[in-house]
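Working notes, beginning with the structure itself.
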Amino acid sequence: MGLAAVLFFGVAARASGSVAAGLSELARAGQWRRVLEVAARRGEQLPLSPEEALVAAHAAAVFGERDAERRFLELATAVPGPELAELATVRLATTLAGDDPERSAELALPLFGRGRPTAVRAAAGDAVAGVVAARGEGALRGAIAAAAPRLPSEAARRLELALAETAGDHRWQHLERLLAGSTRDLPALAAAETLLTRAELPPRARYLAAVTLFDHGLYERAAPELEAVLGGDGVPGHEAAFQRGRCAFRRDRWQEAIDWYRRALALAPAAARRAELALHLARAHELAGDLDAAVAAAQRALREDASDERRLFLVRLRLRRGEAELATQGLVRLRSRAARGQGALLLALDALRRGDRAAAGALLAGIDRAPHAGPAAVLAAGLALESGEGGTALATLEREALSLGPYWGGEARALMARLTEAERQAWRGRRLSAVEAAEGPARWRALAQWAVLEPQGAGLDELRRRVAALTAAPDLHGGRLPHGLAGELWRLGLEREAVVWDPGSFPRSEPADARWTAARFLDQGAPWQAIRAADGAWRQLGAEMPTRALPADLRRAAFPLPEFAPVRDAATGAGIDWSLLAAVVREESRWDPRAQSAVGARGLAQLMPATAQGVAARLGRPLPGPSELFDPRTNLVLAAAELGRLLELFGGRRAPAVAAYNAGEAQARLWLAQCGGASCTDGRFVAGITFAATRSYTAEVLAAAAAYAELGSDGGPETAAAPTPVSG
């Protein structure tokens with residue numbers, strides 16, 4: 001090569017690198033129109049480098065310029081390094097699916113295997129699924145079917161649905177096989193809808209389709225299908241009858257549920273299953289108001305197959321019937337310490353309801369095992385304060401401070417606020433001395449014990465200052481950058497793309513790294529990822545420290561508010577506090593608008609389709625289809641309205657309203673009545689929730705609402721700059 005050629009190519013390379021850096025800076029600033037202008041001008045002189053083309057392709061996608069995006073992606077597939085090349089390839093395959101399906105499938109199929117980011121593999125599967133759905137792709141069908149199991153499970157299910165729906169004469173068998181694998185995801189619902197269009201559908205396939213409808217909250221449609229398959233070949237009669245009863249139960253039709261549960265119980269072949277069915281029957285009887293029948297069914301469940309869960313259920317029924325002595329005898333048969341602790345807590349709450357404070361105090365004092373020791377300590381401290389025994393109350397709270405958790409920590413701080421100022425100052429002095437005397441991890445724990453019980457004010461500010469001094473501050477402009485595909489995209493200025501395509505490659509091995517990552521996820525509109533990273537940082541720092549004492553960046557990542565205006569507007573329209581709505585969304589979906597639960601709840605606030613339609617009808621809005629619940633604003637408006645209704649139903653009391661949002665209003669009314677009705681405090685109500693999942697849910701929501709309210713009051717969402725939009 002001559003000197004002139006060497007000089008020419010050297011200048012060209014430097015120019016290309018300079019332009020690539022310039023495009024990256026424009027991309028990092030979000031100036032996508034400018035990216036396209038520079039890329040077009042650059043392309044008139046020298047061919048764009050593959051990296052430049054990838055940046056330009058993203059800019060074209062922002063403006064929906066599909067032809068330009070495709071041209072740039074064709075260039076980008078030659079980018080050095082497999083990570084970026086595979087990303088360009090899968091994006092190109094997606095754009096080609098409609099016009100050149102064979103090439104689209106050929107490009108995407110090699111990307112199914114492991115060793116690549118999950119999002120890349122899922123996109124490859126979805127590109128091929130689109131090709132199959134549109135064309136069937138007979139020539140490649142065998143290769144596609146063989147490769148499908150190599151995909152992530154959700155993407156594999158979407159591709160299997162496309163293959164099943166285009167399977168010709170074997171379509172129905174393939175759809176049935178898809179439901180046999182799972183009835184709980186969106187591909188299953190689509191398969192069930194298709195199956196139910198067939199006039200002559202075998203009973204087993206109809207049964208699976210009906211169960212799918214139930215799992216997606218479509219109870220009215222599921223019920224007649226379940227009735228139609230009873231006694232059919234391949235259909236377990238007791239399960240079909242049980243599911244039919246559950247359709248009635250979910251619609252608060254207790255007697256109808258009882259009749260179907262009895263039928264299921266008579267058909268069930270195994271003792272363990274009969275015990276489960278008898279417990280469901282007991283719950284239906286209880287909600288119907290027939291405690292005698294509920295006790296009889298609970299006793300049958302124990303005879304069929306005894307367990308601590310069933311023994312505790314019978315203990316609670318005994319207490320509802322005023323049979324405290326029989327309930328106490330039932331505790332003797334409990335085997336696990338956790339179950340005995342819960343049983344003692346139920347007896348203590350019943351004693352409080354009856355006004356027997358001495359018996360309640362004695363029972364609470366004997367509960368010393370997690371997870372009930374913390375709640376018991378807070379309730380016991382409350383009794384001590386009411387008796388004027390501030391010192392006893394304080395000692396009780398200090399003993400269990402590190403096991404209280406966010407909700408019970410808040411309840412404990414409310415008790416601390418009732419101490420005299422002199423008592424609090426003396427306690428604060430002791431805590432400060434303990435901190436100064438401790439070193440290393442012991443100092444962290446001493447600070448945590450202080451932080452759990454410190455009320456708002458100057459004491460909390462001092463705590464945060466001391467905690468901040470023990471934690472490494474993240475470098476918000478650098479940090480340990482992502483590796484792999486995420487690192488390459490980050491270097492190109494495609495920071496949002498890095499989060500979308502490869503979140504697993506962001507650094508988290510050290511607390512400072514996880515804090516940096518949490519902030520980046522929040523910046524780039526992935527609050528569900530931010531919460532996970534913030535939680536990881538918190539646990540690495542030491543999870544005994546309550547999040548309220550952690551640095552502000554971690555608190556905001558742990559309790560994100562991606563778009564305040566829709567939350568505020570929905571809450572205002574329903575007459576509720578925005579912080580409660582935000583807390584429900586955080587607990588339900590972690591702010592992921594595409595979230596779907598195993599029981600068919602959808603979207604930000606995880607609304608069931610039937611619930612959403614009932615709320616919409618009450619508001620005079622068009623009835624939303626299941627897929628419309630993934631729209632963030634629709635979901636927020638309907639969820640806020642439902643929360644408002646529940647708050648009004650329970651006289652503005654948050655704990656039963658939140659519990660009802662999770663477990664149904666009938667069950668929440670039952671817990672409230674057993675707690676003592678108007679005399680029941682929120683703490684006693686939460687402690688008395690007998691469903692572990694609902695008890696945890698209610699506590700987490702109430703604690704998150706307090707955290708959101710605090711963040712909002714010290715420079716929160718009203719003043720936050722450029723909130724990240726909620727997006728799918």
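Each chain in the structure tokens gets a letter, A, B and so on, in the order shown; residues start at 1 in every chain, and ligands are counted from 1 in the order they appear.
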
(message) So that I can check the secondary structure, give me every residue of region 504-717 of chain A assigned alpha helix (DSSP H) by backbone DSSP, as an NGL selection string.
(response) :A and (511-523 or 527-542 or 552-558 or 564-574 or 578-589 or 609-619 or 632-649 or 654-663 or 665-675 or 682-688 or 692-713)

Preceding selection exported with C-alpha atoms as a CSV table (one decimal), in the first residue's frame:
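The resulting file, part-v7.csv, is shown below:
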```
chain,number,residue,atom,x,y,z
A,511,PRO,CA,-23.1,-2.0,47.3
A,512,ALA,CA,-21.8,1.1,45.5
A,513,ASP,CA,-22.1,-0.7,42.1
A,514,ALA,CA,-25.7,-1.8,42.9
A,515,ARG,CA,-26.5,1.8,43.9
A,516,TRP,CA,-25.1,3.2,40.6
A,517,THR,CA,-27.1,0.5,38.7
A,518,ALA,CA,-30.3,1.2,40.6
A,519,ALA,CA,-30.0,4.9,39.7
A,520,ARG,CA,-29.3,4.1,36.0
A,521,PHE,CA,-32.3,1.8,35.8
A,522,LEU,CA,-34.5,4.6,37.3
A,523,ASP,CA,-33.1,7.1,34.9
A,527,PRO,CA,-38.3,1.1,37.9
A,528,TRP,CA,-38.9,-2.6,38.3
A,529,GLN,CA,-35.2,-3.2,37.7
A,530,ALA,CA,-34.3,-0.3,39.9
A,531,ILE,CA,-36.2,-1.7,42.8
A,532,ARG,CA,-34.4,-5.0,42.4
A,533,ALA,CA,-31.0,-3.4,42.2
A,534,ALA,CA,-31.7,-1.1,45.2
A,535,ASP,CA,-32.8,-4.1,47.2
A,536,GLY,CA,-29.6,-5.9,46.3
A,537,ALA,CA,-27.5,-2.8,47.5
A,538,TRP,CA,-29.5,-2.6,50.7
A,539,ARG,CA,-29.0,-6.3,51.5
A,540,GLN,CA,-25.3,-6.0,50.8
A,541,LEU,CA,-25.0,-3.0,53.1
A,542,GLY,CA,-26.9,-4.8,55.8
A,552,ALA,CA,-31.6,9.4,49.3
A,553,ASP,CA,-30.6,7.8,45.9
A,554,LEU,CA,-31.3,4.3,47.3
A,555,ARG,CA,-34.5,5.4,48.9
A,556,ARG,CA,-35.8,6.8,45.6
A,557,ALA,CA,-34.7,3.7,43.7
A,558,ALA,CA,-36.4,1.5,46.3
A,564,PHE,CA,-46.3,11.2,39.1
A,565,ALA,CA,-49.0,13.1,37.2
A,566,PRO,CA,-51.1,10.0,36.2
A,567,VAL,CA,-50.8,8.7,39.7
A,568,ARG,CA,-51.8,12.0,41.2
A,569,ASP,CA,-54.7,12.5,38.8
A,570,ALA,CA,-56.1,9.0,39.3
A,571,ALA,CA,-55.9,9.3,43.1
A,572,THR,CA,-57.4,12.8,43.1
A,573,GLY,CA,-60.3,11.6,40.9
A,574,ALA,CA,-61.0,8.8,43.3
A,578,TRP,CA,-51.6,9.4,45.9
A,579,SER,CA,-49.1,7.7,48.2
A,580,LEU,CA,-51.4,4.8,48.9
A,581,LEU,CA,-52.1,4.2,45.2
A,582,ALA,CA,-48.3,4.4,44.5
A,583,ALA,CA,-47.7,1.9,47.3
A,584,VAL,CA,-50.3,-0.6,45.9
A,585,VAL,CA,-48.7,-0.3,42.4
A,586,ARG,CA,-45.2,-0.9,43.9
A,587,GLU,CA,-46.3,-4.0,45.8
A,588,GLU,CA,-48.4,-5.4,43.0
A,589,SER,CA,-46.2,-5.0,39.9
A,609,PRO,CA,-60.5,-8.5,34.4
A,610,ALA,CA,-63.9,-9.0,36.2
A,611,THR,CA,-63.0,-6.5,38.8
A,612,ALA,CA,-61.9,-3.9,36.2
A,613,GLN,CA,-65.1,-4.3,34.3
A,614,GLY,CA,-67.2,-3.9,37.4
A,615,VAL,CA,-65.3,-0.7,38.3
A,616,ALA,CA,-65.6,0.7,34.8
A,617,ALA,CA,-69.3,0.0,34.7
A,618,ARG,CA,-69.7,1.9,38.0
A,619,LEU,CA,-67.7,4.8,36.6
A,632,PRO,CA,-50.9,2.4,32.6
A,633,ARG,CA,-53.4,5.2,32.7
A,634,THR,CA,-56.5,3.0,32.3
A,635,ASN,CA,-55.1,0.7,35.0
A,636,LEU,CA,-54.4,3.5,37.4
A,637,VAL,CA,-57.8,5.1,37.1
A,638,LEU,CA,-59.6,1.8,37.7
A,639,ALA,CA,-57.4,0.8,40.6
A,640,ALA,CA,-57.8,4.2,42.3
A,641,ALA,CA,-61.5,4.0,42.0
A,642,GLU,CA,-61.6,0.5,43.5
A,643,LEU,CA,-59.3,1.6,46.4
A,644,GLY,CA,-61.6,4.5,46.9
A,645,ARG,CA,-64.6,2.3,47.1
A,646,LEU,CA,-62.9,0.0,49.6
A,647,LEU,CA,-61.8,2.9,51.8
A,648,GLU,CA,-65.3,4.2,51.9
A,649,LEU,CA,-66.6,0.7,52.7
A,654,ARG,CA,-56.4,1.7,55.3
A,655,ALA,CA,-55.5,-1.7,56.7
A,656,PRO,CA,-58.8,-3.5,56.0
A,657,ALA,CA,-59.2,-1.7,52.6
A,658,VAL,CA,-55.7,-2.8,51.5
A,659,ALA,CA,-56.4,-6.4,52.7
A,660,ALA,CA,-59.7,-6.4,50.8
A,661,TYR,CA,-57.9,-5.3,47.6
A,662,ASN,CA,-55.8,-8.4,48.0
A,663,ALA,CA,-58.1,-11.0,49.5
A,665,GLU,CA,-63.9,-7.5,50.9
A,666,ALA,CA,-65.8,-10.4,52.4
A,667,GLN,CA,-62.7,-11.9,53.9
A,668,ALA,CA,-61.5,-8.5,55.1
A,669,ARG,CA,-64.8,-7.8,56.8
A,670,LEU,CA,-64.5,-11.2,58.6
A,671,TRP,CA,-61.0,-10.3,59.9
A,672,LEU,CA,-62.2,-6.9,61.0
A,673,ALA,CA,-65.1,-8.4,62.9
A,674,GLN,CA,-62.8,-10.9,64.6
A,675,CYS,CA,-60.4,-8.1,65.5
A,682,ASP,CA,-54.6,-1.2,62.2
A,683,GLY,CA,-51.8,-3.0,64.0
A,684,ARG,CA,-54.1,-5.5,65.6
A,685,PHE,CA,-55.9,-5.9,62.3
A,686,VAL,CA,-52.7,-6.7,60.4
A,687,ALA,CA,-51.5,-9.1,63.1
A,688,GLY,CA,-54.8,-10.9,62.9
A,692,ALA,CA,-49.7,-15.1,55.4
A,693,ALA,CA,-49.6,-13.7,51.8
A,694,THR,CA,-52.3,-11.1,52.6
A,695,ARG,CA,-50.7,-10.2,56.0
A,696,SER,CA,-47.4,-9.6,54.3
A,697,TYR,CA,-49.0,-7.7,51.4
A,698,THR,CA,-51.0,-5.4,53.7
A,699,ALA,CA,-48.0,-4.6,55.8
A,700,GLU,CA,-45.8,-3.9,52.8
A,701,VAL,CA,-48.3,-1.6,51.2
A,702,LEU,CA,-48.9,0.4,54.3
A,703,ALA,CA,-45.1,0.7,54.9
A,704,ALA,CA,-44.6,1.8,51.3
A,705,ALA,CA,-47.3,4.4,51.5
A,706,ALA,CA,-45.5,5.9,54.5
A,707,ALA,CA,-42.2,5.9,52.5
A,708,TYR,CA,-43.8,7.6,49.5
A,709,ALA,CA,-45.4,10.2,51.7
A,710,GLU,CA,-42.1,11.0,53.3
A,711,LEU,CA,-40.3,11.1,50.0
A,712,GLY,CA,-42.9,13.4,48.6
A,713,SER,CA,-42.6,15.8,51.5
```

Near-region 400-415 of chain A list (6 Å; only C-alpha atoms; drop same-chain fewer than 2 positions) as a JSON list (two decimals) with C-alpha atoms, in the first residue's frame:
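Result saved to selection_33.json:
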```
[["chain", "number", "residue", "atom", "x", "y", "z"],
["A", 374, "GLY", "CA", -41.98, -8.51, 66.35],
["A", 378, "VAL", "CA", -45.19, -3.88, 69.42],
["A", 397, "LEU", "CA", -39.37, -2.41, 71.58],
["A", 398, "GLU", "CA", -35.58, -2.34, 71.86],
["A", 417, "ALA", "CA", -43.63, 9.37, 69.72],
["A", 418, "ARG", "CA", -45.95, 8.86, 72.70],
["A", 449, "GLN", "CA", -31.44, -0.47, 66.10],
["A", 452, "VAL", "CA", -35.84, 1.47, 63.49],
["A", 453, "LEU", "CA", -37.21, 3.36, 66.50],
["A", 455, "PRO", "CA", -39.21, 9.17, 65.05],
["A", 544, "GLU", "CA", -31.15, -4.83, 59.31],
["A", 699, "ALA", "CA", -47.95, -4.61, 55.82],
["A", 703, "ALA", "CA", -45.15, 0.75, 54.90]]
```

(request) Take CA of Pro560 (chain A) and CA of Asp631 (chain A) and report the distance between them in Å, one decimal. (result)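 CA of Pro560 (chain A) sits 18.6 Å away from CA of Asp631 (chain A).
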
(message) Please report the interatomic distance between CA of Asp592 (chain A) and CA of Phe630 (chain A) in Å with one decimal.
(response)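 Taking CA of Asp592 (chain A) and CA of Phe630 (chain A), their separation equals 9.3 Å.
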
(request) Rounded to one decimal place, report the CA of Leu179 (chain A)-CA of Gln596 (chain A) distance in Å. (result)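 If I compute the distance from CA of Leu179 (chain A) to CA of Gln596 (chain A), I get 17.3 Å.
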
(message) Show me, as an MDAnalysis selection string, the residues that have an atom within 9 Å of Arg251 (chain A) when counting only C-alpha atoms, minus same-chain residues fewer than 3 positions from it.
(response) chainID A and resid 219:220 246:248 254

(request) Go through A:Pro371, A:Pro47, A:Leu623, A:Ala155 and flag the residue nearest Leu186 (chain A), using only C-alpha atoms for the distances. (result)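 Closest residue, counting only C-alpha atoms: A:Ala155.
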
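The smallest atom-to-atom distance between Asp185 (chain A) and any of A:Val38, A:Ala56, A:Ala601, A:Ala678, using only C-alpha atoms, is found for A:Ala601.
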
(message) I'd like to know which of A:Arg621, A:Arg320, A:Arg548, A:Arg491 is closest to Glu25 (chain A), using only C-alpha atoms.
(response)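 Nearest to Glu25 (chain A): A:Arg491.
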
(message) Residues near Pro269 (chain A), anyone? I mean within 12 Å using only C-alpha atoms, not counting same-chain ones fewer than 6 positions away, as JSON, numbers by chain.
(response) {"A": [236, 237, 238, 239, 275, 277, 304]}

Those residues you just picked out, can you put them in a file as a tab-separated table (two decimals), in the first residue's frame with C-alpha atoms?
```tsv
chain	number	residue	atom	x	y	z
A	236	PRO	CA	-61.03	-35.40	36.75
A	237	GLY	CA	-64.56	-34.95	38.06
A	238	HIS	CA	-63.59	-33.69	41.51
A	239	GLU	CA	-61.28	-31.05	40.04
A	275	ALA	CA	-58.60	-32.46	53.31
A	277	LEU	CA	-61.38	-29.51	49.64
A	304	GLU	CA	-58.57	-36.60	56.45
```

(request) Pick out the closest residue to Ala264 (chain A) from this set: A:Ala241, A:Leu291, A:Phe313, A:Ala278. Count only C-alpha atoms. (result) A:Ala241

Contact residues around Gly390 (chain A) with only C-alpha atoms at 9 Å, ignoring same-chain residues under 5 positions, as a compact mmCIF listing (two decimals) with N, CA and C atoms, in the first residue's frame:
```txt
# COMPACT_ATOMS: atom_id res chain seq x y z
N ALA A 381 -45.86 -3.57 73.83
CA ALA A 381 -45.39 -2.24 74.20
C ALA A 381 -46.54 -1.25 74.24
N ALA A 384 -48.22 -1.67 77.50
CA ALA A 384 -47.43 -1.09 78.59
C ALA A 384 -47.58 0.44 78.62
N LEU A 385 -47.57 1.06 77.45
CA LEU A 385 -47.73 2.52 77.40
C LEU A 385 -49.09 2.94 77.94
N ALA A 395 -38.19 -0.91 76.60
CA ALA A 395 -37.35 -2.11 76.67
C ALA A 395 -37.88 -3.19 75.75
N ARG A 418 -45.08 8.65 71.54
CA ARG A 418 -45.95 8.86 72.70
C ARG A 418 -45.17 8.91 74.02
N LEU A 419 -43.87 8.56 73.99
CA LEU A 419 -43.05 8.69 75.19
C LEU A 419 -42.84 10.17 75.50
N THR A 420 -42.46 10.46 76.69
CA THR A 420 -42.14 11.85 77.01
C THR A 420 -40.84 12.25 76.32
N GLU A 423 -37.87 10.92 78.13
CA GLU A 423 -37.61 9.50 77.90
C GLU A 423 -36.93 9.27 76.55
```
